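Containing mmCIF, C-alpha atoms: my_file-v8.cif.
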```cif
data_data
loop_
_atom_site.label_atom_id
_atom_site.label_comp_id
_atom_site.auth_asym_id
_atom_site.auth_seq_id
_atom_site.Cartn_x
_atom_site.Cartn_y
_atom_site.Cartn_z
CA MET A 29 -17.90 -53.32 -76.03
CA SER A 30 -18.77 -51.21 -79.01
CA VAL A 31 -17.68 -47.62 -79.52
CA ALA A 32 -21.28 -46.40 -79.29
CA LEU A 33 -21.77 -48.13 -75.93
CA ALA A 34 -18.48 -46.71 -74.60
CA VAL A 35 -19.48 -43.17 -75.63
CA ALA A 36 -22.92 -43.62 -74.03
CA LEU A 37 -21.38 -44.85 -70.77
CA LEU A 38 -18.91 -41.95 -70.76
CA ALA A 39 -21.75 -39.46 -71.31
CA LEU A 40 -23.69 -41.09 -68.47
CA LEU A 41 -20.65 -40.80 -66.19
CA ILE A 42 -20.20 -37.11 -67.04
CA ALA A 43 -23.91 -36.46 -66.43
CA LEU A 44 -23.69 -38.21 -63.05
CA PHE A 45 -20.63 -36.17 -62.06
CA THR A 46 -22.40 -32.95 -63.07
CA LEU A 47 -25.43 -33.89 -60.99
CA VAL A 48 -23.28 -34.58 -57.92
CA ALA A 49 -21.48 -31.24 -58.36
CA LEU A 50 -24.79 -29.34 -58.63
CA VAL A 51 -26.14 -31.01 -55.50
CA ALA A 52 -22.94 -30.11 -53.62
CA VAL A 53 -23.16 -26.47 -54.69
CA TYR A 54 -26.84 -26.34 -53.73
CA ALA A 55 -26.07 -27.84 -50.30
CA ARG A 56 -23.28 -25.28 -49.74
CA VAL A 57 -25.54 -22.37 -50.66
CA ARG A 58 -28.28 -23.62 -48.32
CA ALA A 59 -25.74 -24.02 -45.49
CA LEU A 60 -24.49 -20.46 -46.00
CA GLU A 61 -28.03 -19.12 -46.00
CA ALA A 62 -28.81 -20.94 -42.76
CA ALA A 63 -25.66 -19.63 -41.07
CA GLY A 64 -26.50 -15.98 -41.69
CA PRO A 65 -25.38 -13.37 -44.18
CA ALA A 66 -22.24 -14.36 -46.07
CA GLU A 67 -20.37 -12.93 -48.98
CA LEU A 68 -19.21 -14.92 -51.96
CA SER A 69 -16.11 -16.03 -50.07
CA GLY A 70 -18.26 -17.96 -47.64
CA TYR A 71 -17.08 -15.86 -44.71
CA VAL A 72 -19.59 -13.84 -42.70
CA ALA A 73 -19.66 -10.23 -43.91
CA LEU A 74 -17.74 -7.90 -41.60
CA VAL A 75 -19.24 -4.53 -42.45
CA GLY A 76 -21.99 -3.69 -40.00
CA ARG A 77 -20.79 -6.16 -37.33
CA GLN A 78 -19.22 -5.38 -33.97
CA ALA A 79 -15.44 -5.61 -33.96
CA PRO A 80 -13.79 -7.60 -31.16
CA ALA A 81 -13.19 -5.54 -28.02
CA ALA A 82 -9.42 -5.89 -28.42
CA VAL A 83 -9.40 -3.65 -31.52
CA ARG A 84 -12.17 -1.14 -30.77
CA PRO A 85 -11.33 2.54 -30.31
CA GLY A 86 -10.41 3.56 -26.78
CA PRO A 87 -12.09 6.23 -24.66
CA GLY A 88 -12.10 9.58 -26.44
CA GLN A 89 -11.21 8.06 -29.81
CA ARG A 90 -13.56 8.44 -32.78
CA ALA A 91 -12.31 5.51 -34.83
CA ALA A 92 -9.86 2.66 -35.24
CA VAL A 93 -8.02 1.40 -38.30
CA VAL A 94 -7.43 -2.34 -38.05
CA ALA A 95 -5.16 -4.31 -40.36
CA VAL A 96 -5.42 -8.10 -40.53
CA LEU A 97 -1.91 -9.26 -41.45
CA ASP A 98 -0.04 -12.51 -42.04
CA ALA A 99 3.67 -12.89 -41.28
CA HIS A 100 4.32 -14.88 -44.48
CA CYS A 101 2.86 -12.18 -46.71
CA ALA A 102 5.32 -9.63 -48.15
CA LEU A 103 2.49 -7.20 -48.87
CA CYS A 104 1.41 -7.43 -45.22
CA HIS A 105 4.84 -6.15 -44.16
CA ALA A 106 4.41 -3.19 -46.53
CA VAL A 107 1.02 -2.49 -44.91
CA TRP A 108 2.67 -2.62 -41.47
CA ASP A 109 5.28 -0.08 -42.65
CA ALA A 110 2.48 2.19 -43.93
CA LEU A 111 0.65 1.93 -40.59
CA CYS A 112 3.84 2.82 -38.71
CA ALA A 113 4.20 5.95 -40.88
CA VAL A 114 0.72 7.27 -40.00
CA GLN A 115 0.78 10.79 -38.62
CA GLU A 116 -0.12 11.22 -34.98
CA ASP A 117 -3.86 11.52 -34.35
CA PRO A 118 -4.87 10.75 -30.75
CA HIS A 119 -8.48 10.29 -31.84
CA VAL A 120 -7.74 7.32 -34.12
CA ARG A 121 -6.38 3.99 -32.91
CA VAL A 122 -4.21 2.09 -35.39
CA VAL A 123 -3.92 -1.67 -34.78
CA ALA A 124 -2.32 -4.52 -36.72
CA LEU A 125 -3.70 -7.97 -35.90
CA VAL A 126 -0.97 -10.48 -36.66
CA ASP A 127 -0.42 -14.19 -36.38
CA ARG A 128 3.23 -13.97 -35.27
CA PRO A 129 4.34 -10.61 -33.84
CA GLU A 130 8.02 -11.62 -33.71
CA ASP A 131 8.10 -11.50 -37.53
CA PHE A 132 7.11 -7.82 -37.64
CA ALA A 133 9.73 -5.20 -36.79
CA VAL A 134 8.46 -2.68 -34.24
CA ARG A 135 9.34 0.83 -35.42
CA ALA A 136 10.63 3.38 -32.93
CA GLY A 137 8.25 6.31 -32.89
CA GLY A 138 5.60 4.43 -34.85
CA ARG A 139 2.10 4.82 -33.49
CA ALA A 140 0.64 1.56 -34.77
CA GLU A 141 -0.01 -1.17 -32.22
CA LEU A 142 1.04 -4.73 -32.96
CA LEU A 143 -1.50 -7.15 -31.49
CA ALA A 144 -1.32 -10.95 -31.50
CA ASP A 145 -4.85 -11.97 -30.53
CA PRO A 146 -5.82 -15.23 -32.28
CA ASP A 147 -9.51 -14.92 -31.41
CA ALA A 148 -9.84 -11.33 -32.67
CA ARG A 149 -7.83 -12.16 -35.80
CA ALA A 150 -10.00 -15.21 -36.52
CA ASP A 151 -13.14 -13.09 -36.04
CA LEU A 152 -11.96 -10.48 -38.56
CA PHE A 153 -10.23 -12.75 -41.08
CA GLU A 154 -12.18 -13.11 -44.35
CA GLY A 155 -9.89 -15.53 -46.10
CA TYR A 156 -7.53 -12.88 -47.47
CA SER A 157 -4.80 -10.75 -46.01
CA PRO A 158 -3.90 -7.95 -45.87
CA THR A 159 -7.26 -6.41 -45.11
CA LEU A 160 -7.82 -2.93 -43.66
CA LEU A 161 -10.92 -2.15 -41.62
CA ALA A 162 -12.37 1.12 -40.35
CA VAL A 163 -14.13 0.79 -36.99
CA ASP A 164 -16.31 3.59 -35.61
CA ALA A 165 -16.42 4.83 -32.01
CA ALA A 166 -19.21 2.36 -31.19
CA GLY A 167 -17.00 -0.54 -32.30
CA VAL A 168 -18.88 -1.29 -35.55
CA VAL A 169 -16.90 -2.17 -38.68
CA MET A 170 -17.87 0.57 -41.13
CA HIS A 171 -15.53 -0.11 -44.05
CA ARG A 172 -13.39 -2.96 -45.38
CA SER A 173 -10.65 -2.77 -47.99
CA PHE A 174 -8.65 -5.64 -49.40
CA VAL A 175 -5.09 -4.54 -50.17
CA TYR A 176 -3.49 -5.60 -53.45
CA SER A 177 -0.01 -5.08 -54.84
CA ASP A 178 -1.14 -2.04 -56.85
CA THR A 179 -2.98 -0.39 -53.93
CA ASP A 180 -1.70 3.05 -52.95
CA LEU A 181 -1.08 2.19 -49.30
CA GLY A 182 -0.31 5.73 -48.19
CA ALA A 183 -3.53 7.10 -49.65
CA LEU A 184 -5.64 4.22 -48.33
CA VAL A 185 -4.29 4.46 -44.79
CA GLN A 186 -4.61 8.24 -44.84
CA ASP A 187 -8.20 7.96 -46.07
CA LEU A 188 -9.09 5.51 -43.30
CA THR A 189 -7.44 7.56 -40.53
CA GLN A 190 -8.93 10.86 -41.69
CA ARG A 191 -12.34 9.47 -42.57
CA PRO A 192 -15.02 11.67 -41.01
CA ASP A 193 -17.45 10.05 -38.67
CA PRO A 194 -19.96 8.07 -40.75
CA MET A 195 -23.51 9.27 -40.98
CA PRO A 196 -25.61 7.89 -38.11
CA GLY A 197 -27.56 4.81 -39.15
CA ALA A 198 -25.47 4.16 -42.27
CA GLU A 199 -22.58 1.87 -42.97
CA ARG A 200 -20.18 2.18 -45.86
CA HIS A 201 -19.07 -0.89 -47.77
CA SER A 202 -15.70 -1.12 -49.49
CA GLU A 203 -17.42 -0.48 -52.79
CA GLY A 204 -18.44 2.96 -51.48
CA ARG A 205 -22.18 2.43 -51.32
CA GLU A 206 -24.13 3.16 -48.14
CA VAL A 207 -26.60 0.77 -46.58
CA THR A 208 -28.93 1.67 -43.74
CA ARG A 209 -28.55 -0.48 -40.64
CA ALA A 210 -31.63 -2.14 -39.21
#
```
Written as structure tokens, that's how I'd like the structure from this file.
Amino acid sequence: MSVALAVALLALLIALFTLVALVAVYARVRALEAAGPAELSGYVALVGRQAPAAVRPGPGQRAAVVAVLDAHCALCHAVWDALCAVQEDPHVRVVALVDRPEDFAVRAGGRAELLADPDARADLFEGYSPTLLAVDAAGVVMHRSFVYSDTDLGALVQDLTQRPDPMPGAERHSEGREVTRA
């Protein structure tokens, strides 16, 4: 086999691989479109959807702050500590959805609830934890924030617990822009 033939066969192989990859990406995009609205992660967008009943605000409450946490995540434990330090507000429910509750220390006097509900957690999990969600009185997810190591947890949790009721007919995305619900 000559060098020219080897290079041509290699180029053909690379072109074939590229074609297969493009077809796979196209098929994935079509599947996501058929399944409903999805973000880049491939998970169905949470903002604007109903939250599971297990984490919705109770009677007389105007909102709920829901944290989706993982026991193996050190940052998730810091989020749990921040939730436990939230000042008392009977009108806001604070819930942490966890995979293994025995790995989270329950704080005496803390007002955050620790909830191990696999179905609710799976419904709200977007492929990343920790995630904080704001749920309005009607049970609709109005805001989502991913938490990173440089996130000011105290300010974020305070913002979510003191967030005024959203404008009727509008939902707020984590980027801060409002979108009118249909």
Calculated over only C-alpha atoms, which of the candidates A:Asp147, A:Gln115, A:Val120, A:Val107 has the smallest distance to Thr179 in chain A? A:Val107
Calculated over only C-alpha atoms, which of the candidates A:Val185, A:Ala95, A:Ala166, A:Leu33 has the smallest distance to Val114 in chain A?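 The closest residue to Val114 in chain A is A:Val185.
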At a cut-off of 12 Å from (-5.2, -13.0, -33.4) in the coordinates of the file, what residues are picked up using only C-alpha atoms, written as a ChimeraX atom specification? /A:80,82-83,94-99,123-129,142-153
Between CA of Asp109 in chain A and CA of Ala165 in chain A, measure the distance and give it in Å to one decimal.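 Separating CA of Asp109 in chain A from CA of Ala165 in chain A is a distance of 24.7 Å.
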Test item: the PyMOL selection byres ((chain A and resi 184) around 12) resolved as an MDAnalysis selection string: chainID A and resid 93 95 107 110:111 114 159:162 171:176 178:183 185:191 202
Taking the file as shown, find all residues satisfying the PyMOL selection byres ((chain A and resi 140) around 6) and write them as a PDB file with C-alpha atoms, keeping the file's coordinate frame.
```pdb
ATOM      1  CA  LEU A 111       0.650   1.930 -40.590  1.00  0.00           C
ATOM      2  CA  CYS A 112       3.840   2.820 -38.710  1.00  0.00           C
ATOM      3  CA  VAL A 122      -4.210   2.090 -35.390  1.00  0.00           C
ATOM      4  CA  VAL A 123      -3.920  -1.670 -34.780  1.00  0.00           C
ATOM      5  CA  GLY A 138       5.600   4.430 -34.850  1.00  0.00           C
ATOM      6  CA  ARG A 139       2.100   4.820 -33.490  1.00  0.00           C
ATOM      7  CA  GLU A 141      -0.010  -1.170 -32.220  1.00  0.00           C
TER       8      GLU A 141
END
```
